[in-house]
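Colleague: What follows is the file input23.pdb, containing PDB, C-alpha atoms:
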ATOM      1  CA  MET A  24     180.930   8.192 -12.234
ATOM      2  CA  ALA A  25     182.337   5.340 -10.162
ATOM      3  CA  LEU A  26     181.212   1.794  -9.568
ATOM      4  CA  HIS A  27     180.770   0.490  -6.062
ATOM      5  CA  PRO A  28     184.167  -0.888  -4.930
ATOM      6  CA  PRO A  29     184.367  -4.639  -4.301
ATOM      7  CA  GLN A  30     183.979  -5.691  -0.699
ATOM      8  CA  GLU A  31     185.659  -9.047  -1.235
ATOM      9  CA  ALA A  32     188.485 -10.078  -3.489
ATOM     10  CA  ALA A  33     186.385 -12.624  -5.374
ATOM     11  CA  LYS A  34     184.134  -9.899  -6.781
ATOM     12  CA  LEU A  35     185.471  -8.482 -10.039
ATOM     13  CA  ILE A  36     183.755  -5.103  -9.962
ATOM     14  CA  PHE A  37     185.814  -2.461 -11.672
ATOM     15  CA  ALA A  38     185.789   1.314 -11.490
ATOM     16  CA  PRO A  39     187.003   3.831 -14.048
ATOM     17  CA  THR A  40     189.212   5.485 -11.400
ATOM     18  CA  GLY A  41     191.986   4.068  -9.278
ATOM     19  CA  THR A  42     195.121   2.323 -10.469
ATOM     20  CA  ALA A  43     196.634  -1.115 -10.430
ATOM     21  CA  GLY A  44     199.927  -2.441 -11.710
ATOM     22  CA  ALA A  45     199.953  -3.920 -15.177
ATOM     23  CA  ASP A  46     200.865  -7.314 -13.753
ATOM     24  CA  SER A  47     198.477  -7.175 -10.831
ATOM     25  CA  PRO A  48     195.619  -9.738 -10.890
ATOM     26  CA  ALA A  49     193.647  -7.693  -8.358
ATOM     27  CA  PRO A  50     190.556  -5.820  -9.616
ATOM     28  CA  LEU A  51     190.664  -2.054  -9.778
ATOM     29  CA  ALA A  52     188.821  -0.429  -6.889
ATOM     30  CA  VAL A  53     188.031   3.160  -5.964
ATOM     31  CA  PRO A  54     190.336   4.190  -3.108
ATOM     32  CA  GLY A  55     188.635   5.218   0.103
ATOM     33  CA  PRO A  56     184.920   5.033   0.923
ATOM     34  CA  ALA A  57     182.305   4.180  -1.674
ATOM     35  CA  ARG A  58     181.175   7.123  -3.763
ATOM     36  CA  GLN A  59     177.597   8.160  -4.277
ATOM     37  CA  ALA A  60     176.091   7.562  -7.686
ATOM     38  CA  GLY A  61     175.932  10.553 -10.001
ATOM     39  CA  GLN A  62     172.741  12.552 -10.346
ATOM     40  CA  PHE A  63     170.755  13.479 -13.453
ATOM     41  CA  LEU A  64     170.366  17.239 -13.096
ATOM     42  CA  LYS A  65     170.005  18.761 -16.574
ATOM     43  CA  ALA A  66     166.194  18.852 -16.478
ATOM     44  CA  GLU A  67     165.795  19.971 -12.854
ATOM     45  CA  GLN A  68     165.983  23.699 -13.579
ATOM     46  CA  THR A  69     163.283  23.473 -16.233
ATOM     47  CA  GLY A  70     160.878  21.374 -14.206
ATOM     48  CA  GLY A  71     161.681  18.115 -15.981
ATOM     49  CA  LEU A  72     159.613  16.502 -18.707
ATOM     50  CA  ARG A  73     155.890  17.223 -18.582
ATOM     51  CA  ARG A  74     152.951  15.992 -20.615
ATOM     52  CA  GLN A  75     152.528  19.463 -22.092
ATOM     53  CA  ASP A  76     156.061  19.192 -23.553
ATOM     54  CA  LEU A  77     155.134  16.191 -25.671
ATOM     55  CA  ASP A  78     153.205  15.815 -28.901
ATOM     56  CA  SER A  79     149.781  14.761 -27.668
ATOM     57  CA  GLU A  80     148.990  12.495 -30.634
ATOM     58  CA  ASP A  81     152.048  11.048 -32.342
ATOM     59  CA  PRO A  82     155.216   9.461 -30.877
ATOM     60  CA  ILE A  83     156.918   9.545 -34.289
ATOM     61  CA  LYS A  84     156.624  13.341 -34.355
ATOM     62  CA  GLN A  85     157.811  13.503 -30.764
ATOM     63  CA  PHE A  86     160.810  11.307 -31.543
ATOM     64  CA  HIS A  87     161.668  13.507 -34.496
ATOM     65  CA  ALA A  88     161.667  16.559 -32.204
ATOM     66  CA  TRP A  89     163.976  14.901 -29.676
ATOM     67  CA  PHE A  90     166.223  13.532 -32.424
ATOM     68  CA  ARG A  91     166.525  16.971 -33.967
ATOM     69  CA  GLY A  92     167.687  18.295 -30.585
ATOM     70  CA  ALA A  93     170.154  15.421 -30.149
ATOM     71  CA  SER A  94     171.564  16.142 -33.618
ATOM     72  CA  GLN A  95     172.524  19.751 -32.860
ATOM     73  CA  PRO A  96     176.289  20.326 -32.477
ATOM     74  CA  GLU A  97     175.804  21.858 -29.032
ATOM     75  CA  ALA A  98     174.223  18.618 -27.799
ATOM     76  CA  GLY A  99     177.625  16.954 -28.061
ATOM     77  CA  ILE A 100     176.272  13.638 -29.405
ATOM     78  CA  ALA A 101     178.433  12.328 -32.230
ATOM     79  CA  HIS A 102     175.984   9.743 -33.600
ATOM     80  CA  PRO A 103     172.441  10.231 -32.267
ATOM     81  CA  GLU A 104     171.196   7.578 -34.722
ATOM     82  CA  THR A 105     173.054   4.883 -32.764
ATOM     83  CA  CYS A 106     170.695   2.519 -30.954
ATOM     84  CA  THR A 107     170.460  -0.954 -29.469
ATOM     85  CA  LEU A 108     168.353  -3.466 -31.392
ATOM     86  CA  SER A 109     167.069  -6.406 -29.340
ATOM     87  CA  THR A 110     165.434  -9.541 -30.710
ATOM     88  CA  ALA A 111     164.311 -12.797 -29.106
ATOM     89  CA  GLN A 112     164.736 -16.297 -30.504
ATOM     90  CA  LEU A 113     161.804 -18.716 -30.355
ATOM     91  CA  PRO A 114     161.045 -21.170 -28.915
ATOM     92  CA  SER A 115     163.931 -20.690 -26.448
ATOM     93  CA  GLY A 116     163.123 -17.050 -25.681
ATOM     94  CA  ARG A 117     166.840 -16.257 -25.726
ATOM     95  CA  VAL A 118     167.385 -12.513 -26.231
ATOM     96  CA  SER A 119     170.136 -10.928 -28.358
ATOM     97  CA  SER A 120     171.127  -7.261 -28.509
ATOM     98  CA  ARG A 121     173.475  -5.336 -30.765
ATOM     99  CA  ILE A 122     174.311  -1.724 -31.610
ATOM    100  CA  VAL A 123     172.985  -0.558 -34.986
ATOM    101  CA  TYR A 124     172.379   2.688 -36.846
ATOM    102  CA  MET A 125     168.864   3.913 -37.505
ATOM    103  CA  LYS A 126     169.076   5.099 -41.098
ATOM    104  CA  GLU A 127     165.536   6.337 -41.734
ATOM    105  CA  LEU A 128     162.473   7.502 -39.858
ATOM    106  CA  ASP A 129     159.142   7.869 -41.607
ATOM    107  CA  PRO A 130     155.530   8.084 -40.395
ATOM    108  CA  THR A 131     155.387   4.289 -40.338
ATOM    109  CA  GLY A 132     158.454   3.473 -38.281
ATOM    110  CA  PHE A 133     162.208   3.132 -37.724
ATOM    111  CA  VAL A 134     164.464   1.648 -40.415
ATOM    112  CA  ILE A 135     167.838  -0.076 -40.099
ATOM    113  CA  TYR A 136     169.837  -2.017 -42.719
ATOM    114  CA  SER A 137     171.643  -5.315 -42.305
ATOM    115  CA  ASN A 138     172.296  -8.861 -43.524
ATOM    116  CA  PHE A 139     169.125 -10.929 -43.183
ATOM    117  CA  GLY A 140     170.488 -14.143 -44.598
ATOM    118  CA  THR A 141     172.907 -15.498 -42.017
ATOM    119  CA  SER A 142     172.769 -13.055 -39.108
ATOM    120  CA  GLY A 143     171.445 -13.731 -35.639
ATOM    121  CA  LYS A 144     168.800 -11.073 -36.087
ATOM    122  CA  ALA A 145     167.541 -12.868 -39.211
ATOM    123  CA  ARG A 146     167.307 -16.118 -37.250
ATOM    124  CA  ASP A 147     165.380 -14.428 -34.444
ATOM    125  CA  LEU A 148     163.019 -12.402 -36.611
ATOM    126  CA  PHE A 149     162.316 -14.750 -39.505
ATOM    127  CA  GLY A 150     163.228 -18.229 -38.258
ATOM    128  CA  THR A 151     165.462 -20.845 -39.823
ATOM    129  CA  ALA A 152     164.968 -23.505 -42.480
ATOM    130  CA  ASP A 153     165.557 -26.294 -39.956
ATOM    131  CA  GLU A 154     162.923 -24.710 -37.661
ATOM    132  CA  SER A 155     165.352 -24.510 -34.746
ATOM    133  CA  SER A 156     164.017 -20.958 -34.571
ATOM    134  CA  THR A 157     160.433 -20.334 -35.599
ATOM    135  CA  GLY A 158     160.678 -16.590 -36.107
ATOM    136  CA  ASN A 159     159.545 -13.787 -33.813
ATOM    137  CA  PRO A 160     158.788 -10.434 -35.487
ATOM    138  CA  TRP A 161     158.805  -8.492 -32.212
ATOM    139  CA  ALA A 162     161.839  -6.263 -31.713
ATOM    140  CA  SER A 163     162.890  -3.275 -29.646
ATOM    141  CA  LEU A 164     165.172  -0.279 -30.068
ATOM    142  CA  VAL A 165     166.778   1.828 -27.341
ATOM    143  CA  PHE A 166     168.346   5.226 -27.995
ATOM    144  CA  TRP A 167     170.552   6.652 -25.214
ATOM    145  CA  TRP A 168     171.604  10.295 -25.429
ATOM    146  CA  GLU A 169     173.724  10.716 -22.324
ATOM    147  CA  PRO A 170     174.602  14.429 -22.665
ATOM    148  CA  LEU A 171     170.851  15.191 -22.679
ATOM    149  CA  GLU A 172     170.106  12.546 -20.015
ATOM    150  CA  ARG A 173     167.451  11.113 -22.297
ATOM    151  CA  GLN A 174     166.529   7.724 -23.676
ATOM    152  CA  VAL A 175     163.800   6.497 -25.997
ATOM    153  CA  ARG A 176     162.522   2.911 -25.980
ATOM    154  CA  VAL A 177     160.658   1.518 -28.995
ATOM    155  CA  GLU A 178     158.790  -1.792 -29.128
ATOM    156  CA  GLY A 179     157.118  -3.077 -32.256
ATOM    157  CA  ARG A 180     156.918  -5.560 -35.103
ATOM    158  CA  ALA A 181     159.645  -5.761 -37.723
ATOM    159  CA  SER A 182     159.325  -6.433 -41.440
ATOM    160  CA  ARG A 183     161.649  -6.307 -44.458
ATOM    161  CA  LEU A 184     161.577  -3.350 -46.820
ATOM    162  CA  GLU A 185     160.856  -3.898 -50.479
ATOM    163  CA  PRO A 186     164.039  -4.355 -52.571
ATOM    164  CA  ALA A 187     163.506  -1.070 -54.394
ATOM    165  CA  GLU A 188     163.455   0.794 -51.080
ATOM    166  CA  SER A 189     166.642  -0.926 -49.918
ATOM    167  CA  ARG A 190     168.436  -0.032 -53.144
ATOM    168  CA  LEU A 191     167.932   3.694 -52.518
ATOM    169  CA  TYR A 192     170.106   3.442 -49.418
ATOM    170  CA  PHE A 193     172.492   0.756 -50.720
ATOM    171  CA  ASP A 194     173.536   2.989 -53.621
ATOM    172  CA  THR A 195     174.597   5.754 -51.196
ATOM    173  CA  ARG A 196     177.174   3.496 -49.503
ATOM    174  CA  VAL A 197     180.834   3.687 -50.419
ATOM    175  CA  ARG A 198     181.955   0.975 -52.809
ATOM    176  CA  GLY A 199     183.858  -0.898 -50.107
ATOM    177  CA  SER A 200     180.717  -1.176 -47.976
ATOM    178  CA  ARG A 201     178.702  -2.479 -50.924
ATOM    179  CA  ILE A 202     181.375  -5.090 -51.609
ATOM    180  CA  GLY A 203     181.420  -5.874 -47.893
ATOM    181  CA  ALA A 204     177.686  -6.538 -47.891
ATOM    182  CA  TRP A 205     178.262  -9.316 -50.434
ATOM    183  CA  ALA A 206     181.346 -10.690 -48.683
ATOM    184  CA  SER A 207     180.502 -10.626 -44.984
ATOM    185  CA  ARG A 208     178.377 -13.801 -44.538
ATOM    186  CA  GLN A 209     177.459 -12.223 -41.232
ATOM    187  CA  SER A 210     177.898 -14.327 -38.075
ATOM    188  CA  ALA A 211     179.482 -17.255 -39.943
ATOM    189  CA  VAL A 212     182.450 -18.789 -38.112
ATOM    190  CA  LEU A 213     185.777 -17.758 -39.669
ATOM    191  CA  ALA A 214     188.257 -20.634 -39.781
ATOM    192  CA  PRO A 215     191.925 -19.850 -39.036
ATOM    193  CA  ASP A 216     194.575 -20.787 -41.552
ATOM    194  CA  PHE A 217     196.532 -23.395 -39.593
ATOM    195  CA  MET A 218     199.448 -22.993 -41.979
ATOM    196  CA  ASN A 219     199.750 -19.412 -40.729
ATOM    197  CA  SER A 220     200.210 -19.157 -36.973
ATOM    198  CA  GLN A 221     199.423 -15.438 -37.077
ATOM    199  CA  ASP A 222     195.988 -15.858 -38.647
ATOM    200  CA  ASP A 223     192.902 -16.030 -36.448
ATOM    201  CA  GLY A 224     190.357 -16.299 -39.270
ATOM    202  CA  ARG A 225     190.633 -12.806 -40.730
ATOM    203  CA  ALA A 226     192.364 -14.198 -43.822
ATOM    204  CA  GLN A 227     189.214 -16.093 -44.782
ATOM    205  CA  LEU A 228     187.147 -12.901 -44.627
ATOM    206  CA  ASN A 229     189.765 -11.030 -46.645
ATOM    207  CA  GLY A 230     189.616 -13.829 -49.225
ATOM    208  CA  TRP A 231     185.859 -13.478 -49.545
ATOM    209  CA  VAL A 232     186.293  -9.726 -50.066
ATOM    210  CA  ARG A 233     188.850 -10.314 -52.835
ATOM    211  CA  GLU A 234     186.455 -12.735 -54.515
ATOM    212  CA  GLU A 235     183.679 -10.131 -54.561
ATOM    213  CA  GLU A 236     186.028  -7.376 -55.710
ATOM    214  CA  ALA A 237     187.014  -9.564 -58.648
ATOM    215  CA  ARG A 238     183.384 -10.421 -59.361
ATOM    216  CA  PHE A 239     182.353  -6.762 -59.590
ATOM    217  CA  GLU A 240     185.559  -5.362 -61.058
ATOM    218  CA  GLY A 241     184.812  -2.446 -63.344
ATOM    219  CA  GLN A 242     181.153  -2.237 -62.271
ATOM    220  CA  ASP A 243     179.878   1.012 -60.797
ATOM    221  CA  GLN A 244     176.365  -0.316 -60.209
ATOM    222  CA  ILE A 245     176.724  -3.148 -57.729
ATOM    223  CA  PRO A 246     173.446  -5.036 -57.227
ATOM    224  CA  VAL A 247     171.847  -5.325 -53.816
ATOM    225  CA  PRO A 248     172.293  -8.820 -52.329
ATOM    226  CA  GLU A 249     168.939 -10.544 -51.950
ATOM    227  CA  PHE A 250     169.849 -11.381 -48.339
ATOM    228  CA  TRP A 251     170.623  -7.738 -47.489
ATOM    229  CA  GLY A 252     168.251  -4.859 -46.985
ATOM    230  CA  GLY A 253     166.159  -2.671 -44.766
ATOM    231  CA  LEU A 254     164.153  -3.594 -41.712
ATOM    232  CA  ARG A 255     161.335  -1.387 -40.492
ATOM    233  CA  ILE A 256     160.222  -1.576 -36.866
ATOM    234  CA  VAL A 257     156.606  -0.398 -36.731
ATOM    235  CA  PRO A 258     156.090   0.799 -33.164
ATOM    236  CA  GLU A 259     153.378  -0.426 -30.841
ATOM    237  CA  ARG A 260     154.851   1.261 -27.776
ATOM    238  CA  VAL A 261     157.265   4.196 -27.458
ATOM    239  CA  GLU A 262     158.614   5.503 -24.161
ATOM    240  CA  PHE A 263     160.334   8.864 -23.645
ATOM    241  CA  TRP A 264     162.574   8.983 -20.578
ATOM    242  CA  GLN A 265     164.116  12.075 -19.028
ATOM    243  CA  GLY A 266     166.642  11.649 -16.234
ATOM    244  CA  ARG A 267     165.830  13.399 -12.954
ATOM    245  CA  GLN A 268     167.444  13.857  -9.589
ATOM    246  CA  ASN A 269     167.295  11.037  -7.010
ATOM    247  CA  ARG A 270     166.352   8.539  -9.732
ATOM    248  CA  LEU A 271     162.834  10.000  -9.856
ATOM    249  CA  HIS A 272     162.913  10.080 -13.633
ATOM    250  CA  ASP A 273     160.166  11.352 -15.913
ATOM    251  CA  ARG A 274     158.702   8.603 -18.085
ATOM    252  CA  PHE A 275     155.915   8.958 -20.637
ATOM    253  CA  VAL A 276     154.705   6.091 -22.807
ATOM    254  CA  TYR A 277     152.636   6.043 -25.991
ATOM    255  CA  ASP A 278     150.658   2.851 -26.645
ATOM    256  CA  ARG A 279     149.100   2.171 -30.033
ATOM    257  CA  LEU A 280     145.349   1.657 -29.802
ATOM    258  CA  HIS A 281     143.647  -1.120 -31.707
ATOM    259  CA  GLY A 282     140.079  -2.273 -32.050
ATOM    260  CA  ALA A 283     136.909  -1.158 -33.772
ATOM    261  CA  GLY A 284     136.915   2.272 -32.147
ATOM    262  CA  SER A 285     140.400   3.316 -33.239
ATOM    263  CA  ASP A 286     141.017   5.656 -36.154
ATOM    264  CA  GLU A 287     143.435   3.135 -37.693
ATOM    265  CA  ALA A 288     140.719   0.488 -37.791
ATOM    266  CA  GLN A 289     138.618   2.922 -39.813
ATOM    267  CA  GLY A 290     141.408   3.460 -42.344
ATOM    268  CA  GLY A 291     142.829   6.553 -40.663
ATOM    269  CA  GLU A 292     146.094   7.326 -38.909
ATOM    270  CA  PRO A 293     147.210   5.343 -35.836
ATOM    271  CA  THR A 294     145.739   6.428 -32.522
ATOM    272  CA  TRP A 295     147.837   6.505 -29.388
ATOM    273  CA  SER A 296     147.284   6.757 -25.659
ATOM    274  CA  LEU A 297     149.790   8.761 -23.605
ATOM    275  CA  GLU A 298     150.462   8.048 -19.933
ATOM    276  CA  ARG A 299     153.045   8.989 -17.316
ATOM    277  CA  LEU A 300     154.814   6.015 -15.721
ATOM    278  CA  SER A 301     156.336   5.769 -12.296
ATOM    279  CA  PRO A 302     160.131   5.634 -12.347
TER     280      PRO A 302
END
Starting from the file, lay out its structure as structure tokens.
Modeller:
Amino acid sequence: MALHPPQEAAKLIFAPTGTAGADSPAPLAVPGPARQAGQFLKAEQTGGLRRQDLDSEDPIKQFHAWFRGASQPEAGIAHPETCTLSTAQLPSGRVSSRIVYMKELDPTGFVIYSNFGTSGKARDLFGTADESSTGNPWASLVFWWEPLERQVRVEGRASRLEPAESRLYFDTRVRGSRIGAWASRQSAVLAPDFMNSQDDGRAQLNGWVREEEARFEGQDQIPVPEFWGGLRIVPERVEFWQGRQNRLHDRFVYDRLHGAGSDEAQGGEPTWSLERLSP
């Protein structure tokens, strides 16, 4: 894969090939003429992704099937649970994204774990005490499995897990990670020690860790911080994307149906529509 080489020196468009001297201020560029973009070809021989290949009723079951395939050693995907979580702050509408690990999947939705006291995601999802952010429960996840040329996009509402549910996962973490959950004060600014010219703020974090290690010294059962826990994204829309040649990708989207006529409204399981989208 190569990026389009810059046509003028002011454009800082880099490519993964080509060389430049260590002291050169010039951007790296692909030597010679511009290369063509790579093609997605893995699904061409099998006819791509078709409606008949998908679970006709449940995107959670379909995701599980794709995830199981992405988890096989031959797929060559080290961490298929890795995904991008995006949230939006209100009232500004400013969007934030970060890489997280999906830790659980159940019939209700997708679960991640994090700090929900001081983090940016907490601000976006649940608002702030000063009301500079009013809270927006809508969130999205994107899974990208490059060796399979597949991605899955999830959109839905997020809510905190009950503390007892969060503890089940928290207790599986190594001790250092449990201490770290107490110490991190996620997204807080770390102040450098101006008496130490080599410190850029890491010393403050290390100090917080030492404080928590002393606090829980000798304890095997470390309690779950009240600001830490699980977040479940309950999907309203799930898209399955299969790369195809010439950027004519296969896209199928499940949309959750609401209203008096849906099974969910009658106390049953969620009902979904399934449609093919143009690439």
Colleague: Just want the 9 Å neighbourhood of stretch 62-77 of chain A, counted on only C-alpha atoms, with same-chain residues fewer than 5 positions away dropped. Output as a list in words.
Modeller: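 Everything that qualifies: Pro82, Gln85, Pro170, Leu171, Glu172, Trp264, Gln265, Gly266, Arg267, Gln268, Asn269, Arg270, His272, Asp273, Arg274, Phe275, Leu297, Glu298 and Arg299 of chain A.
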Colleague: Which is closest to A:Val276 among A:Arg146, A:Arg260, A:Arg238, A:Arg196, if we use all atoms listed in the file?
Modeller: A:Arg260
Colleague: What is the atom CA of A:Gly92-atom CA of A:Ser137 distance in Å, reported with one decimal?
Modeller: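 Result for atom CA of A:Gly92 versus atom CA of A:Ser137: 26.7 Å, one decimal.
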Colleague: Quick check, in Å to one decimal: how far apart do atom CA of A:Ser189 and atom CA of A:Ala206 lie?
Modeller: 17.7 Å
Colleague: So what do you get for atom CA of A:Phe149 versus atom CA of A:Val261, distance-wise?
Modeller: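 Result for atom CA of A:Phe149 versus atom CA of A:Val261: 23.0 Å, one decimal.
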Colleague: I need the residue nearest A:Val247 from this list: A:Asn229, A:Asn138, A:Asn219, A:Asn159. Use only C-alpha atoms for the distance.
Modeller: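 Selected residue with least distance to A:Val247: A:Asn138.
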Colleague: In terms of the shortest atom-to-atom distance over all atoms listed in the file, which of A:Leu228, A:Val123, A:Val165, A:Val134 is closest to A:Ser207?
Modeller: A:Leu228
Colleague: Taking all atoms listed in the file into account, which of A:Phe193, A:Phe217, A:Phe90, A:Phe263 comes nearest A:Val177?
Modeller: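 Smallest distance to A:Val177 is found for A:Phe263.
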Colleague: Evaluating the PyMOL selection byres ((chain A and resi 117) around 12) on the displayed file yields which residues, as a list of chain:residue names?
Modeller: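 Output of the PyMOL selection byres ((chain A and resi 117) around 12): A:Ser109, A:Thr110, A:Ala111, A:Gln112, A:Leu113, A:Pro114, A:Ser115, A:Gly116, A:Val118, A:Ser119, A:Ser120, A:Gly143, A:Lys144, A:Arg146, A:Asp147, A:Ser156, A:Asn159.
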Colleague: Evaluate the PyMOL selection byres ((chain A and resi 102) around 12) on the structure here and hand back the selected residues as a list in words.
Modeller: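 Going through the file, the PyMOL selection byres ((chain A and resi 102) around 12) ends up selecting Phe90, Arg91, Ala93, Ser94, Gln95, Pro96, Ala98, Gly99, Ile100, Ala101, Pro103, Glu104, Thr105, Cys106, Ile122, Val123, Tyr124, Met125, Lys126, Phe166, Trp167, Trp168, Glu169 and Pro170 of chain A.
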Colleague: Output C-alpha atoms of each residue in that selection to a file, as a PDB file, in the frame of the given file.
Modeller:
ATOM      1  CA  PHE A  90     166.223  13.532 -32.424  1.00  0.00           C
ATOM      2  CA  ARG A  91     166.525  16.971 -33.967  1.00  0.00           C
ATOM      3  CA  ALA A  93     170.154  15.421 -30.149  1.00  0.00           C
ATOM      4  CA  SER A  94     171.564  16.142 -33.618  1.00  0.00           C
ATOM      5  CA  GLN A  95     172.524  19.751 -32.860  1.00  0.00           C
ATOM      6  CA  PRO A  96     176.289  20.326 -32.477  1.00  0.00           C
ATOM      7  CA  ALA A  98     174.223  18.618 -27.799  1.00  0.00           C
ATOM      8  CA  GLY A  99     177.625  16.954 -28.061  1.00  0.00           C
ATOM      9  CA  ILE A 100     176.272  13.638 -29.405  1.00  0.00           C
ATOM     10  CA  ALA A 101     178.433  12.328 -32.230  1.00  0.00           C
ATOM     11  CA  PRO A 103     172.441  10.231 -32.267  1.00  0.00           C
ATOM     12  CA  GLU A 104     171.196   7.578 -34.722  1.00  0.00           C
ATOM     13  CA  THR A 105     173.054   4.883 -32.764  1.00  0.00           C
ATOM     14  CA  CYS A 106     170.695   2.519 -30.954  1.00  0.00           C
ATOM     15  CA  ILE A 122     174.311  -1.724 -31.610  1.00  0.00           C
ATOM     16  CA  VAL A 123     172.985  -0.558 -34.986  1.00  0.00           C
ATOM     17  CA  TYR A 124     172.379   2.688 -36.846  1.00  0.00           C
ATOM     18  CA  MET A 125     168.864   3.913 -37.505  1.00  0.00           C
ATOM     19  CA  LYS A 126     169.076   5.099 -41.098  1.00  0.00           C
ATOM     20  CA  PHE A 166     168.346   5.226 -27.995  1.00  0.00           C
ATOM     21  CA  TRP A 167     170.552   6.652 -25.214  1.00  0.00           C
ATOM     22  CA  TRP A 168     171.604  10.295 -25.429  1.00  0.00           C
ATOM     23  CA  GLU A 169     173.724  10.716 -22.324  1.00  0.00           C
ATOM     24  CA  PRO A 170     174.602  14.429 -22.665  1.00  0.00           C
TER      25      PRO A 170
END
Colleague: Please determine, counting all atoms listed in the file, which residue among A:Phe133, A:Pro160, A:Ala88, A:Ala145 has the shortest atom-to-atom distance to A:Gln209.
Modeller: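 Under the stated criterion, the closest residue is A:Ala145.
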Colleague: Find the residue from A:Arg183, A:Arg225, A:Glu178, A:Glu236 that sits nearest to A:Gly199; use all atoms listed in the file when measuring.
Modeller: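 Counting all atoms listed in the file, the residue closest to A:Gly199 is A:Glu236.
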Colleague: List the neighbours of A:Asp194 out to 10 Å using only C-alpha atoms; skip same-chain residues closer than 3 positions along the sequence, and give me the result as a list in words.
Modeller: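 The contact residues come out as Ser189, Arg190, Leu191, Val197, Arg198, Arg201, Asp243, Gln244, Ile245, Pro246 and Val247 of chain A.
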Colleague: With the input short on atoms, add all heavy atoms back to stretch 199-204 of chain A and write it as a PDB file, in the coordinates of the input.
Modeller:
ATOM      1  N   GLY A 199     183.361   0.138 -51.012  1.00  0.00           N
ATOM      2  CA  GLY A 199     183.858  -0.898 -50.107  1.00  0.00           C
ATOM      3  C   GLY A 199     182.771  -1.489 -49.238  1.00  0.00           C
ATOM      4  O   GLY A 199     182.777  -2.697 -48.956  1.00  0.00           O
ATOM      5  N   SER A 200     181.819  -0.679 -48.796  1.00  0.00           N
ATOM      6  CA  SER A 200     180.717  -1.176 -47.976  1.00  0.00           C
ATOM      7  C   SER A 200     179.752  -2.022 -48.799  1.00  0.00           C
ATOM      8  O   SER A 200     179.181  -2.990 -48.291  1.00  0.00           O
ATOM      9  CB  SER A 200     179.968  -0.010 -47.332  1.00  0.00           C
ATOM     10  OG  SER A 200     180.774   0.617 -46.353  1.00  0.00           O
ATOM     11  N   ARG A 201     179.575  -1.666 -50.068  1.00  0.00           N
ATOM     12  CA  ARG A 201     178.702  -2.479 -50.924  1.00  0.00           C
ATOM     13  C   ARG A 201     179.339  -3.836 -51.222  1.00  0.00           C
ATOM     14  O   ARG A 201     178.661  -4.863 -51.211  1.00  0.00           O
ATOM     15  CB  ARG A 201     178.389  -1.723 -52.220  1.00  0.00           C
ATOM     16  CG  ARG A 201     177.382  -0.586 -52.020  1.00  0.00           C
ATOM     17  CD  ARG A 201     177.142   0.179 -53.314  1.00  0.00           C
ATOM     18  NE  ARG A 201     178.242   1.092 -53.593  1.00  0.00           N
ATOM     19  CZ  ARG A 201     178.540   1.559 -54.804  1.00  0.00           C
ATOM     20  NH1 ARG A 201     177.840   1.171 -55.858  1.00  0.00           N
ATOM     21  NH2 ARG A 201     179.546   2.396 -54.965  1.00  0.00           N
ATOM     22  N   ILE A 202     180.655  -3.827 -51.437  1.00  0.00           N
ATOM     23  CA  ILE A 202     181.375  -5.090 -51.609  1.00  0.00           C
ATOM     24  C   ILE A 202     181.295  -5.899 -50.319  1.00  0.00           C
ATOM     25  O   ILE A 202     181.071  -7.119 -50.325  1.00  0.00           O
ATOM     26  CB  ILE A 202     182.845  -4.835 -51.987  1.00  0.00           C
ATOM     27  CG1 ILE A 202     182.950  -4.203 -53.381  1.00  0.00           C
ATOM     28  CG2 ILE A 202     183.667  -6.122 -51.891  1.00  0.00           C
ATOM     29  CD1 ILE A 202     182.569  -5.121 -54.517  1.00  0.00           C
ATOM     30  N   GLY A 203     181.467  -5.208 -49.188  1.00  0.00           N
ATOM     31  CA  GLY A 203     181.420  -5.874 -47.893  1.00  0.00           C
ATOM     32  C   GLY A 203     180.088  -6.540 -47.619  1.00  0.00           C
ATOM     33  O   GLY A 203     180.032  -7.589 -46.958  1.00  0.00           O
ATOM     34  N   ALA A 204     179.003  -5.930 -48.088  1.00  0.00           N
ATOM     35  CA  ALA A 204     177.686  -6.538 -47.891  1.00  0.00           C
ATOM     36  C   ALA A 204     177.612  -7.905 -48.556  1.00  0.00           C
ATOM     37  O   ALA A 204     176.996  -8.842 -48.021  1.00  0.00           O
ATOM     38  CB  ALA A 204     176.600  -5.616 -48.442  1.00  0.00           C
TER      39      ALA A 204
END
